[in-house]
$ cat structure.txt   # compact mmCIF, C-alpha atoms
# COMPACT_ATOMS: atom_id res chain seq x y z
CA MET A 1016 13.65 -17.18 -31.58
CA GLU A 1017 14.41 -15.19 -28.40
CA GLU A 1018 13.69 -11.88 -30.10
CA THR A 1019 10.36 -12.95 -31.57
CA LEU A 1020 9.13 -13.91 -28.11
CA LEU A 1021 9.10 -10.22 -27.25
CA ASP A 1022 7.30 -9.12 -30.39
CA GLU A 1023 3.65 -8.31 -29.59
CA THR A 1024 2.08 -10.17 -32.49
CA SER A 1025 4.10 -13.28 -31.66
CA VAL A 1026 3.15 -13.05 -27.99
CA ARG A 1027 -0.53 -12.80 -28.92
CA GLU A 1028 -0.23 -15.76 -31.30
CA MET A 1029 1.54 -17.77 -28.63
CA LEU A 1030 -1.06 -16.81 -26.03
CA GLY A 1031 -3.78 -17.95 -28.44
CA GLN A 1032 -2.53 -21.52 -28.03
CA TYR A 1033 -2.99 -21.33 -24.26
CA VAL A 1034 -6.16 -19.29 -23.64
CA SER A 1035 -9.38 -18.19 -25.34
CA PRO A 1036 -9.33 -15.15 -27.71
CA ARG A 1037 -11.13 -13.13 -25.02
CA MET A 1038 -8.42 -13.84 -22.49
CA VAL A 1039 -5.73 -12.90 -25.02
CA GLU A 1040 -7.38 -9.44 -25.16
CA GLU A 1041 -7.56 -9.16 -21.38
CA CYS A 1042 -3.95 -10.22 -20.96
CA SER A 1043 -2.88 -7.54 -23.43
CA ARG A 1044 -5.00 -4.83 -21.76
CA GLU A 1045 -3.60 -5.60 -18.33
CA SER A 1046 -0.08 -5.21 -19.73
CA PHE A 1047 0.41 -8.75 -18.77
CA CYS A 1048 3.88 -9.73 -17.60
CA PHE A 1049 5.40 -13.17 -17.99
CA GLY A 1050 7.85 -12.95 -15.05
CA CYS A 1051 7.98 -15.70 -12.42
CA GLU A 1052 5.77 -15.21 -9.38
CA ARG A 1053 4.14 -17.26 -6.63
CA ARG A 1054 0.36 -17.28 -6.85
CA GLU A 1055 -2.77 -19.22 -5.97
CA VAL A 1056 -3.82 -21.52 -8.79
CA THR A 1057 -6.26 -24.33 -9.42
CA VAL A 1058 -4.62 -27.14 -11.38
CA LEU A 1059 -6.54 -29.76 -13.38
CA PHE A 1060 -5.02 -32.93 -14.83
CA ALA A 1061 -7.02 -35.19 -17.18
CA ASP A 1062 -5.78 -38.48 -18.57
CA ILE A 1063 -7.35 -41.31 -20.57
CA ARG A 1064 -7.47 -44.62 -18.69
CA ASN A 1065 -6.39 -47.61 -20.82
CA PHE A 1066 -5.49 -45.43 -23.80
CA THR A 1067 -1.92 -46.75 -24.02
CA ALA A 1068 -3.05 -50.40 -23.89
CA MET A 1069 -5.62 -49.70 -26.61
CA SER A 1070 -3.18 -47.73 -28.77
CA GLU A 1071 -0.68 -50.60 -28.82
CA LYS A 1072 -3.13 -52.64 -30.90
CA MET A 1073 -4.28 -49.88 -33.27
CA GLU A 1074 -3.13 -48.37 -36.54
CA PRO A 1075 -0.89 -45.36 -35.76
CA MET A 1076 -3.04 -43.03 -37.88
CA ALA A 1077 -6.15 -44.09 -35.94
CA VAL A 1078 -4.36 -43.38 -32.64
CA GLY A 1079 -3.53 -39.89 -33.89
CA HIS A 1080 -7.05 -39.34 -35.16
CA LEU A 1081 -8.72 -40.29 -31.87
CA LEU A 1082 -6.31 -38.40 -29.68
CA ASN A 1083 -6.45 -35.24 -31.76
CA GLU A 1084 -10.26 -35.30 -31.83
CA HIS A 1085 -10.25 -35.72 -28.05
CA PHE A 1086 -7.72 -32.91 -27.48
CA THR A 1087 -9.54 -30.55 -29.84
CA GLU A 1088 -12.89 -31.07 -28.08
CA MET A 1089 -11.37 -30.82 -24.58
CA SER A 1090 -9.39 -27.68 -25.46
CA GLU A 1091 -12.61 -25.95 -26.51
CA ILE A 1092 -14.21 -26.82 -23.17
CA VAL A 1093 -11.12 -25.53 -21.34
CA PHE A 1094 -11.21 -22.24 -23.27
CA GLY A 1095 -14.97 -22.00 -22.67
CA HIS A 1096 -14.32 -22.14 -18.92
CA GLU A 1097 -11.49 -19.60 -19.11
CA GLY A 1098 -8.85 -22.15 -18.27
CA MET A 1099 -5.30 -22.08 -19.56
CA LEU A 1100 -4.29 -25.15 -21.54
CA ASP A 1101 -0.85 -25.71 -20.08
CA LYS A 1102 0.31 -28.76 -22.01
CA PHE A 1103 -0.49 -32.17 -23.43
CA ILE A 1104 1.50 -35.07 -21.95
CA GLY A 1105 0.93 -38.28 -23.92
CA ASP A 1106 -2.84 -38.78 -23.72
CA GLY A 1107 -3.06 -36.44 -20.74
CA MET A 1108 -3.48 -32.71 -20.37
CA MET A 1109 -2.65 -30.11 -17.73
CA VAL A 1110 -4.90 -27.07 -17.31
CA LEU A 1111 -4.49 -23.99 -15.08
CA PHE A 1112 -7.16 -21.72 -13.63
CA GLY A 1113 -6.04 -18.51 -11.91
CA ALA A 1114 -3.02 -18.02 -14.15
CA PRO A 1115 -2.01 -16.02 -16.08
CA LEU A 1116 -5.04 -14.08 -14.72
CA SER A 1117 -6.87 -14.68 -11.43
CA ARG A 1118 -10.57 -14.07 -11.46
CA PRO A 1119 -13.29 -14.82 -8.91
CA GLY A 1120 -14.70 -18.30 -9.36
CA ASP A 1121 -11.53 -19.89 -10.78
CA THR A 1122 -12.02 -23.06 -8.75
CA ASP A 1123 -15.73 -23.26 -9.56
CA ARG A 1124 -14.89 -23.01 -13.25
CA ALA A 1125 -12.26 -25.74 -12.93
CA VAL A 1126 -14.82 -28.14 -11.44
CA ALA A 1127 -17.50 -27.18 -14.00
CA CYS A 1128 -14.90 -27.69 -16.73
CA ALA A 1129 -14.07 -31.17 -15.42
CA LEU A 1130 -17.73 -32.21 -15.35
CA ARG A 1131 -18.27 -30.92 -18.90
CA MET A 1132 -15.15 -32.78 -20.04
CA GLN A 1133 -16.56 -36.02 -18.63
CA GLU A 1134 -19.88 -35.44 -20.42
CA ARG A 1135 -18.16 -34.65 -23.70
CA PHE A 1136 -15.90 -37.66 -23.37
CA ALA A 1137 -18.96 -39.90 -23.03
CA GLU A 1138 -20.34 -38.29 -26.21
CA LEU A 1139 -17.03 -38.88 -28.01
CA LYS A 1140 -17.09 -42.56 -27.03
CA GLU A 1141 -20.61 -42.78 -28.44
CA ARG A 1142 -19.36 -41.21 -31.68
CA TRP A 1143 -16.41 -43.63 -31.85
CA LYS A 1144 -18.51 -46.71 -31.03
CA GLU A 1145 -18.98 -47.95 -34.57
CA GLY A 1146 -15.69 -47.09 -36.24
CA PHE A 1147 -13.49 -47.82 -33.23
CA PRO A 1148 -15.24 -50.36 -30.97
CA GLN A 1149 -12.03 -50.80 -28.94
CA THR A 1150 -12.54 -47.28 -27.53
CA GLN A 1151 -15.38 -48.55 -25.36
CA GLY A 1152 -12.87 -49.73 -22.75
CA ILE A 1153 -11.33 -46.29 -22.21
CA GLY A 1154 -12.43 -43.51 -19.87
CA LEU A 1155 -11.33 -40.12 -18.58
CA GLY A 1156 -9.81 -39.65 -15.12
CA ILE A 1157 -9.57 -36.10 -13.74
CA GLY A 1158 -7.84 -34.66 -10.65
CA ILE A 1159 -8.06 -31.08 -9.34
CA HIS A 1160 -6.13 -29.33 -6.56
CA ARG A 1161 -5.79 -25.72 -5.48
CA GLY A 1162 -2.83 -24.01 -3.80
CA GLN A 1163 0.28 -21.89 -4.23
CA ALA A 1164 2.60 -22.46 -7.17
CA VAL A 1165 5.40 -20.65 -8.95
CA VAL A 1166 4.12 -19.58 -12.35
CA GLY A 1167 6.01 -17.99 -15.22
CA ASN A 1168 8.04 -18.73 -18.32
CA PHE A 1169 10.28 -21.73 -17.96
CA GLY A 1170 12.45 -23.52 -20.48
CA SER A 1171 15.61 -23.03 -22.48
CA LYS A 1172 16.74 -19.93 -24.34
CA LYS A 1173 15.30 -21.47 -27.50
CA ARG A 1174 12.03 -22.67 -26.10
CA LEU A 1175 10.12 -20.99 -23.31
CA PHE A 1176 6.73 -22.10 -22.07
CA TYR A 1177 4.38 -20.65 -19.51
CA THR A 1178 3.55 -23.11 -16.73
CA ALA A 1179 3.15 -23.64 -12.98
CA ILE A 1180 5.65 -25.53 -10.84
CA GLY A 1181 5.52 -26.88 -7.30
CA ASP A 1182 3.89 -29.25 -4.82
CA THR A 1183 0.42 -28.05 -5.77
CA VAL A 1184 0.96 -29.20 -9.34
CA ASN A 1185 2.44 -32.55 -8.30
CA PHE A 1186 -0.46 -33.16 -5.91
CA ALA A 1187 -3.04 -32.42 -8.62
CA SER A 1188 -1.27 -34.92 -10.85
CA ARG A 1189 -1.44 -37.55 -8.08
CA LEU A 1190 -5.19 -36.98 -7.69
CA GLU A 1191 -5.62 -37.59 -11.40
CA SER A 1192 -3.79 -40.90 -11.08
CA VAL A 1193 -6.17 -41.85 -8.24
CA ALA A 1194 -9.25 -41.07 -10.39
CA ARG A 1195 -10.93 -44.03 -12.04
CA ALA A 1196 -12.52 -43.80 -15.50
CA GLY A 1197 -15.33 -41.23 -15.36
CA GLN A 1198 -14.27 -39.77 -11.99
CA VAL A 1199 -13.40 -36.21 -10.98
CA ILE A 1200 -11.30 -36.36 -7.79
CA VAL A 1201 -10.64 -33.11 -5.90
CA SER A 1202 -8.81 -32.11 -2.73
CA GLY A 1203 -10.31 -30.56 0.40
CA ASP A 1204 -8.77 -27.23 -0.67
CA VAL A 1205 -10.85 -27.34 -3.84
CA ILE A 1206 -14.04 -28.14 -1.92
CA SER A 1207 -13.52 -25.32 0.58
CA HIS A 1208 -12.99 -22.76 -2.20
CA LEU A 1209 -16.13 -23.63 -4.17
CA LYS A 1210 -18.74 -20.89 -4.13
CA ALA A 1211 -21.47 -22.86 -5.88
CA GLU A 1212 -23.20 -25.93 -4.46
CA VAL A 1213 -21.87 -29.22 -5.77
CA GLU A 1214 -22.59 -32.82 -4.88
CA ALA A 1215 -19.52 -34.66 -3.77
CA LYS A 1216 -18.74 -37.96 -2.13
CA LYS A 1217 -16.12 -37.84 0.59
CA LEU A 1218 -13.71 -40.73 0.10
CA ARG A 1219 -11.86 -42.64 2.78
CA PRO A 1220 -8.63 -40.76 3.73
CA ARG A 1221 -5.71 -42.20 1.82
CA LYS A 1222 -1.99 -41.89 1.36
CA ILE A 1223 -0.71 -40.00 -1.66
CA LYS A 1224 2.70 -40.88 -3.10
CA GLY A 1225 5.32 -38.32 -2.19
CA LYS A 1226 3.18 -36.65 0.49
CA GLU A 1227 3.09 -37.13 4.27
CA GLY A 1228 0.04 -38.48 6.11
CA LYS A 1229 -3.42 -39.33 4.85
CA HIS A 1230 -5.53 -37.03 2.70
CA THR A 1231 -9.26 -36.56 2.50
CA LEU A 1232 -10.36 -36.52 -1.11
CA PHE A 1233 -13.74 -36.01 -2.74
CA ALA A 1234 -15.30 -37.41 -5.88
CA ILE A 1235 -17.55 -34.83 -7.56
CA ILE A 1236 -20.84 -36.42 -8.59
CA MET B 248 -2.60 -21.19 -36.65
CA GLU B 249 -3.48 -24.34 -38.63
CA GLU B 250 -2.41 -22.79 -41.92
CA THR B 251 0.91 -21.53 -40.62
CA LEU B 252 1.82 -25.04 -39.51
CA LEU B 253 2.06 -26.02 -43.17
CA ASP B 254 4.16 -23.05 -44.20
CA GLU B 255 7.77 -24.15 -44.73
CA THR B 256 9.44 -21.33 -42.83
CA SER B 257 7.17 -21.93 -39.84
CA VAL B 258 7.82 -25.66 -39.93
CA ARG B 259 11.57 -25.01 -39.93
CA GLU B 260 11.23 -22.54 -37.06
CA MET B 261 9.12 -25.02 -35.12
CA LEU B 262 11.59 -27.84 -35.84
CA GLY B 263 14.38 -25.61 -34.56
CA GLN B 264 12.87 -25.84 -31.09
CA TYR B 265 13.05 -29.64 -31.17
CA VAL B 266 16.29 -30.53 -32.95
CA SER B 267 19.69 -29.09 -33.83
CA PRO B 268 20.04 -26.80 -36.90
CA ARG B 269 21.81 -29.66 -38.73
CA MET B 270 18.86 -31.97 -38.18
CA VAL B 271 16.43 -29.28 -39.38
CA GLU B 272 18.36 -29.36 -42.69
CA GLU B 273 18.29 -33.12 -42.89
CA CYS B 274 14.58 -33.25 -42.09
CA SER B 275 13.91 -30.78 -44.90
CA ARG B 276 16.12 -32.68 -47.38
CA GLU B 277 14.43 -35.98 -46.66
CA SER B 278 11.05 -34.35 -47.35
CA PHE B 279 10.22 -35.17 -43.82
CA CYS B 280 6.59 -36.09 -43.09
CA PHE B 281 4.85 -35.49 -39.80
CA GLY B 282 2.20 -38.24 -40.16
CA CYS B 283 1.66 -40.78 -37.37
CA GLU B 284 3.66 -43.98 -37.64
CA ARG B 285 4.92 -46.80 -35.42
CA ARG B 286 8.69 -46.85 -35.11
CA GLU B 287 11.60 -47.90 -32.94
CA VAL B 288 12.68 -45.11 -30.63
CA THR B 289 14.95 -44.58 -27.63
CA VAL B 290 13.26 -42.44 -24.99
CA LEU B 291 15.12 -40.51 -22.28
CA PHE B 292 13.50 -38.86 -19.27
CA ALA B 293 15.49 -36.62 -16.91
CA ASP B 294 14.12 -35.05 -13.76
CA ILE B 295 15.62 -33.11 -10.86
CA ARG B 296 15.36 -34.90 -7.51
CA ASN B 297 14.21 -32.61 -4.65
CA PHE B 298 13.71 -29.64 -6.95
CA THR B 299 10.08 -29.12 -5.91
CA ALA B 300 10.90 -29.23 -2.19
CA MET B 301 13.73 -26.74 -2.74
CA SER B 302 11.62 -24.45 -4.92
CA GLU B 303 8.92 -24.14 -2.25
CA LYS B 304 11.37 -22.20 -0.08
CA MET B 305 12.89 -19.98 -2.78
CA GLU B 306 12.10 -16.69 -4.46
CA PRO B 307 10.05 -17.38 -7.61
CA MET B 308 12.52 -15.49 -9.82
CA ALA B 309 15.39 -17.62 -8.48
CA VAL B 310 13.41 -20.79 -9.25
CA GLY B 311 12.94 -19.56 -12.82
CA HIS B 312 16.57 -18.58 -13.14
CA LEU B 313 17.92 -21.96 -11.99
CA LEU B 314 15.48 -24.02 -14.02
CA ASN B 315 16.03 -22.02 -17.20
CA GLU B 316 19.80 -22.24 -16.85
CA HIS B 317 19.49 -26.00 -16.37
CA PHE B 318 17.14 -26.45 -19.34
CA THR B 319 19.30 -24.29 -21.60
CA GLU B 320 22.44 -26.30 -20.80
CA MET B 321 20.70 -29.66 -21.09
CA SER B 322 19.02 -28.73 -24.40
CA GLU B 323 22.44 -27.97 -25.89
CA ILE B 324 23.70 -31.39 -24.84
CA VAL B 325 20.58 -33.03 -26.33
CA PHE B 326 21.07 -31.19 -29.64
CA GLY B 327 24.78 -32.06 -29.58
CA HIS B 328 23.85 -35.76 -29.40
CA GLU B 329 21.24 -35.43 -32.17
CA GLY B 330 18.34 -36.00 -29.80
CA MET B 331 14.91 -34.46 -30.17
CA LEU B 332 13.85 -32.33 -27.23
CA ASP B 333 10.27 -33.51 -26.90
CA LYS B 334 9.04 -31.43 -23.99
CA PHE B 335 9.70 -29.99 -20.55
CA ILE B 336 7.39 -31.23 -17.77
CA GLY B 337 7.86 -29.22 -14.58
CA ASP B 338 11.56 -29.70 -13.79
CA GLY B 339 11.71 -32.76 -16.05
CA MET B 340 12.39 -33.25 -19.72
CA MET B 341 11.57 -35.89 -22.32
CA VAL B 342 13.99 -36.54 -25.18
CA LEU B 343 13.65 -38.82 -28.22
CA PHE B 344 16.35 -40.53 -30.26
CA GLY B 345 15.35 -42.24 -33.51
CA ALA B 346 12.54 -39.79 -34.27
CA PRO B 347 11.86 -37.84 -36.40
CA LEU B 348 14.92 -39.46 -38.05
CA SER B 349 16.44 -42.87 -37.26
CA ARG B 350 20.18 -43.15 -37.57
CA PRO B 351 22.62 -45.88 -36.57
CA GLY B 352 23.78 -45.41 -33.00
CA ASP B 353 20.62 -43.73 -31.69
CA THR B 354 20.72 -45.72 -28.45
CA ASP B 355 24.45 -45.17 -28.00
CA ARG B 356 23.91 -41.44 -28.39
CA ALA B 357 21.08 -41.51 -25.85
CA VAL B 358 23.33 -43.10 -23.23
CA ALA B 359 26.25 -40.78 -24.05
CA CYS B 360 23.84 -37.84 -23.79
CA ALA B 361 22.65 -38.98 -20.35
CA LEU B 362 26.22 -39.31 -19.04
CA ARG B 363 27.10 -35.85 -20.36
CA MET B 364 23.96 -34.43 -18.75
CA GLN B 365 25.02 -35.85 -15.38
CA GLU B 366 28.50 -34.33 -15.76
CA ARG B 367 27.09 -30.94 -16.74
CA PHE B 368 24.59 -31.03 -13.91
CA ALA B 369 27.44 -31.55 -11.43
CA GLU B 370 29.18 -28.51 -13.00
CA LEU B 371 25.98 -26.46 -12.70
CA LYS B 372 25.69 -27.35 -9.02
CA GLU B 373 29.28 -26.21 -8.55
CA ARG B 374 28.41 -22.92 -10.28
CA TRP B 375 25.31 -22.46 -8.08
CA LYS B 376 27.11 -23.37 -4.84
CA GLU B 377 27.74 -19.84 -3.64
CA GLY B 378 24.67 -17.95 -4.76
CA PHE B 379 22.20 -20.78 -4.15
CA PRO B 380 23.58 -23.10 -1.43
CA GLN B 381 20.20 -24.86 -1.21
CA THR B 382 20.87 -26.40 -4.66
CA GLN B 383 23.43 -28.73 -3.13
CA GLY B 384 20.65 -31.11 -2.09
CA ILE B 385 19.33 -31.63 -5.62
CA GLY B 386 20.45 -34.12 -8.27
CA LEU B 387 19.52 -35.41 -11.71
CA GLY B 388 17.75 -38.76 -12.22
CA ILE B 389 17.69 -40.22 -15.75
CA GLY B 390 15.84 -43.20 -17.25
CA ILE B 391 16.22 -44.61 -20.78
CA HIS B 392 14.24 -47.29 -22.61
CA ARG B 393 14.07 -48.45 -26.21
CA GLY B 394 11.12 -49.95 -28.10
CA GLN B 395 8.22 -49.35 -30.45
CA ALA B 396 6.11 -46.22 -30.12
CA VAL B 397 3.59 -44.29 -32.17
CA VAL B 398 5.20 -41.02 -33.22
CA GLY B 399 3.67 -38.05 -35.00
CA ASN B 400 1.83 -34.80 -34.48
CA PHE B 401 -0.65 -34.91 -31.64
CA GLY B 402 -2.75 -32.20 -30.08
CA SER B 403 -5.70 -29.98 -30.84
CA LYS B 404 -6.46 -28.12 -34.05
CA LYS B 405 -4.91 -25.05 -32.46
CA ARG B 406 -1.84 -26.67 -31.00
CA LEU B 407 -0.04 -29.62 -32.49
CA PHE B 408 3.16 -31.06 -31.11
CA TYR B 409 5.42 -33.83 -32.31
CA THR B 410 5.84 -36.60 -29.75
CA ALA B 411 5.91 -40.35 -29.11
CA ILE B 412 3.11 -42.25 -27.38
CA GLY B 413 2.90 -45.76 -25.94
CA ASP B 414 4.13 -48.28 -23.40
CA THR B 415 7.75 -47.64 -24.37
CA VAL B 416 7.40 -44.00 -23.33
CA ASN B 417 5.61 -44.83 -20.08
CA PHE B 418 8.25 -47.41 -19.20
CA ALA B 419 11.08 -44.93 -19.80
CA SER B 420 9.31 -42.50 -17.48
CA ARG B 421 9.08 -45.21 -14.79
CA LEU B 422 12.82 -45.89 -15.08
CA GLU B 423 13.48 -42.19 -14.53
CA SER B 424 11.40 -42.30 -11.34
CA VAL B 425 13.48 -45.28 -10.15
CA ALA B 426 16.77 -43.41 -10.74
CA ARG B 427 18.32 -41.79 -7.71
CA ALA B 428 20.20 -38.47 -7.89
CA GLY B 429 23.16 -38.89 -10.23
CA GLN B 430 21.97 -42.21 -11.69
CA VAL B 431 21.29 -43.25 -15.30
CA ILE B 432 18.95 -46.27 -15.24
CA VAL B 433 18.38 -48.18 -18.48
CA SER B 434 16.40 -51.23 -19.56
CA GLY B 435 17.77 -54.51 -20.92
CA ASP B 436 16.56 -53.42 -24.39
CA VAL B 437 18.86 -50.41 -24.18
CA ILE B 438 21.83 -52.54 -23.10
CA SER B 439 21.33 -55.07 -25.92
CA HIS B 440 21.21 -52.31 -28.56
CA LEU B 441 24.41 -50.57 -27.49
CA LYS B 442 27.21 -50.87 -30.03
CA ALA B 443 29.90 -49.27 -27.88
CA GLU B 444 31.29 -50.73 -24.67
CA VAL B 445 29.84 -49.24 -21.51
CA GLU B 446 30.22 -50.07 -17.86
CA ALA B 447 26.93 -50.90 -16.22
CA LYS B 448 25.80 -52.39 -12.96
CA LYS B 449 22.99 -54.92 -13.22
CA LEU B 450 20.42 -54.18 -10.54
CA ARG B 451 18.24 -56.67 -8.72
CA PRO B 452 15.09 -57.45 -10.82
CA ARG B 453 12.23 -55.25 -9.64
CA LYS B 454 8.59 -54.53 -10.23
CA ILE B 455 7.69 -51.48 -12.28
CA LYS B 456 4.34 -49.78 -11.68
CA GLY B 457 1.85 -50.55 -14.44
CA LYS B 458 3.91 -53.44 -15.86
CA GLU B 459 3.68 -57.19 -15.28
CA GLY B 460 6.47 -59.20 -13.68
CA LYS B 461 9.94 -58.18 -12.59
CA HIS B 462 12.37 -56.27 -14.77
CA THR B 463 16.12 -56.36 -14.97
CA LEU B 464 17.49 -52.85 -15.00
CA PHE B 465 21.01 -51.48 -15.29
CA ALA B 466 22.72 -48.43 -13.84
CA ILE B 467 25.25 -46.99 -16.29
CA ILE B 468 28.49 -46.20 -14.48
$ encode --input "structure.txt" --output "C-alpha cells"
Amino acid sequence: MEETLLDETSVREMLGQYVSPRMVEECSRESFCFGCERREVTVLFADIRNFTAMSEKMEPMAVGHLLNEHFTEMSEIVFGHEGMLDKFIGDGMMVLFGAPLSRPGDTDRAVACALRMQERFAELKERWKEGFPQTQGIGLGIGIHRGQAVVGNFGSKKRLFYTAIGDTVNFASRLESVARAGQVIVSGDVISHLKAEVEAKKLRPRKIKGKEGKHTLFAII
Amino acid sequence: MEETLLDETSVREMLGQYVSPRMVEECSRESFCFGCERREVTVLFADIRNFTAMSEKMEPMAVGHLLNEHFTEMSEIVFGHEGMLDKFIGDGMMVLFGAPLSRPGDTDRAVACALRMQERFAELKERWKEGFPQTQGIGLGIGIHRGQAVVGNFGSKKRLFYTAIGDTVNFASRLESVARAGQVIVSGDVISHLKAEVEAKKLRPRKIKGKEGKHTLFAII
C-alpha cells in the first residue's frame, strides 16, 4: 500500500474522497504536498443529537440507511462549499476549511456550509417523517472554531490519512458538543474572521472542558 | 469509487488496512458480507494523554514523525491480536474485536492487546527520550467495553467505512477518557467475559457522562 500512495492516479482517487473534483484539480496544479505543516484552519464538527438512543431501537439496516443518506447529503454540501471532508466518527463528521488549500473566505464558507447543513437536515427529517417517525426526535448540532493546527498525513505505514491535529481541533469538537439540536455554535475567532454580515447571538461566557477560563461563544441565527 | 468498492481485489486491499493478512483470507473464505447487523463486540479506545499540549510546542514534522511511529507500532499489535483497526481520531485510535468476525476469546484478546500496547508505548517513550525529551510527559490511556452494537458500512456514496455504532461504542470512549496515563480501564461486562485470569483493581463506582447511574469500573494491572 505504501507505494500506491505515491502513484498520481491513486493520490487523485484518494483526494476525491476528501474534496470536490475541482479542488482535486487545483491541488494537482499547485503540486500539492502532503507534508506536515502548521497552518490556519477553520474546523467544523457536526453530530446528530439523540441518534445513538434512536438507533438502539431500530433495525440495523435502517440505521445504516438513514446515516448513509445523511452523510451523502452532507458531504455534497461540504464539497459545494469547498470544504475538506476529514472523517466520519459514528454519526458525526469533521470538516476542514483552509486545508489542504487556503483561500480567502474559508471561514465564511464554513459558516455558510453549517447553515446549509442545518437546512438540509430539516429537509431530510421531513423526508423521513413517514417511514421513520422516530427520526423526529433527532437534530444536528454544529460547532466551528478557527486557529492554528498541524495538518498533514498521519497514521500507520499501512494507512495514512490527511487531517488536522491540535487544540484548535479539540476546541471545535467541544463547541459541537455544546450545540443543541439545530444550533451552529462558533467561537469569537470565527466571528472576527467573517467577511460577510451574519446574525449571531452572543451567549453567556462559559467554561469549556479542557480549556482555562470562560469563553464567549456565539450561536449563528 | 462506488463500483470499485465491489471489486474483489479492491475489497481485499481495503480490508488489509483494517485487519491482519490472515483475517483478510478468513473474511474472503467465509464469503464475508458488509451489510449492517447488530452484534456483540468488544471496543477498545486508546488515546495519548498530553499529546496535544506537547504538539503545540513542537515542529510539525516532529509531531507527524512521533504520531506515525506510534500508530505504526500500535497497529501491528492490534493486527497481532486479531483486532480490527477501526480508525485514527487525532492522536487516538478505535479498535474492534468480534467484528467483522467473532471468534472465541475476543474480549481476552482485547485486554491482552491493551496491555501489550502499554508496554510498547513505554518502549517508544524510552526510544524517544533523547531526541524528543518533551515526550516524557505523555502517556497512553485505554478504555475497553463489551456489548451490542450496529456494525457495517457507513458513510457517503463516495466514502464508505466499516465501523460500529451505538451506546457500547460511546461507553468505551468514555472509559478511555477516564483512564489516566498508563491505565487500562474496563467495564464489568469486559471482566465477566474474560476466560483467562487477569489481575484487576475494582475502582469506586462513578458516574459516566451521558449514562444513568454509577458504574463499577476496573483497572487492569
$ residues_around --input "structure.txt" --residues "range 293-310 of chain B" --least-positions-apart "6" --cutoff "7 Å" --atoms "only C-alpha atoms" --output "VMD selection string"
(chain A and resid 1051 to 1053 1165 1181 to 1182) or (chain B and resid 338 to 341 381 385 to 390 423 428)
$ atom_distance --input "structure.txt" --atom1 "CA of His1080 in chain A" --atom2 "CA of Pro1148 in chain A"
14.4 Å
$ atom_distance --input "structure.txt" --atom1 "CA of Leu1232 in chain A" --atom2 "CA of Arg1219 in chain A"
7.4 Å
$ residues_around --input "structure.txt" --residues "Ala1125 in chain A" --least-positions-apart "2" --cutoff "8 Å" --atoms "only C-alpha atoms" --output "MDAnalysis selection string"
chainID A and resid 1057:1059 1096 1098 1112 1121:1123 1127:1129 1159
$ closest_residue --input "structure.txt" --among "A:Met1132, A:Leu1082, A:Arg1054, A:Tyr1177" --to "Leu1030 in chain A" --atoms "all atoms listed in the file"
A:Tyr1177
$ residues_near_point --input "structure.txt" --point "(-1.3, -21.8, -8.4)" --cutoff "6 Å" --atoms "only C-alpha atoms" --output "PyMOL selection string"
chain A and resi 1054-1057+1162-1164
$ atom_distance --input "structure.txt" --atom1 "CA of Ile412 in chain B" --atom2 "CA of Gly1079 in chain A"
9.6 Å
$ residues_around --input "structure.txt" --residues "Tyr1033 in chain A" --least-positions-apart "6" --cutoff "8 Å" --atoms "all atoms listed in the file" --output "JSON, numbers by chain"
{"A": [1099, 1100, 1101]}
$ closest_residue --input "structure.txt" --among "A:Asn1168, A:Ser1035, A:Thr1150, A:Gln1133" --to "chain B" --atoms "all atoms listed in the file"
A:Asn1168
$ closest_residue --input "structure.txt" --among "A:Arg1037, A:His1230, A:His1085, A:Lys1210" --to "chain B" --atoms "all atoms listed in the file"
A:His1085
$ closest_residue --input "structure.txt" --among "A:Thr1183, A:Ser1117, A:Ser1171, A:Gln1151" --to "chain B" --atoms "only C-alpha atoms"
A:Ser1171
$ closest_residue --input "structure.txt" --among "B:Met321, B:Val342, B:Ile455, B:Ile336" --to "Val1184 in chain A" --atoms "only C-alpha atoms"
B:Ile336
$ decode --input "structure.txt" --residues "range 1142-1149 of chain A" --atoms "N, CA, C and O atoms" --output "short mmCIF file (atom, residue, chain, number, x, y, z; two decimals), in the first residue's frame"
data_model
loop_
_atom_site.label_atom_id
_atom_site.label_comp_id
_atom_site.auth_asym_id
_atom_site.auth_seq_id
_atom_site.Cartn_x
_atom_site.Cartn_y
_atom_site.Cartn_z
N ARG A 1142 -38.41 14.27 4.98
CA ARG A 1142 -38.45 13.12 4.07
C ARG A 1142 -38.61 11.81 4.85
O ARG A 1142 -39.24 10.86 4.40
N TRP A 1143 -38.01 11.75 6.04
CA TRP A 1143 -38.02 10.52 6.85
C TRP A 1143 -39.29 10.36 7.67
O TRP A 1143 -39.54 9.30 8.24
N LYS A 1144 -40.05 11.46 7.78
CA LYS A 1144 -41.19 11.54 8.69
C LYS A 1144 -42.11 10.31 8.64
O LYS A 1144 -42.43 9.73 9.67
N GLU A 1145 -42.49 9.92 7.42
CA GLU A 1145 -43.46 8.84 7.31
C GLU A 1145 -42.85 7.46 7.57
O GLU A 1145 -43.34 6.71 8.40
N GLY A 1146 -41.76 7.16 6.88
CA GLY A 1146 -41.15 5.84 7.01
C GLY A 1146 -40.45 5.61 8.34
O GLY A 1146 -40.41 4.49 8.84
N PHE A 1147 -39.90 6.69 8.90
CA PHE A 1147 -39.14 6.56 10.15
C PHE A 1147 -39.56 7.65 11.15
O PHE A 1147 -38.81 8.60 11.39
N PRO A 1148 -40.77 7.53 11.70
CA PRO A 1148 -41.27 8.59 12.60
C PRO A 1148 -40.34 8.86 13.79
O PRO A 1148 -40.30 9.98 14.29
N GLN A 1149 -39.57 7.85 14.20
CA GLN A 1149 -38.68 8.03 15.35
C GLN A 1149 -37.57 9.05 15.08
O GLN A 1149 -36.90 9.51 16.00
#
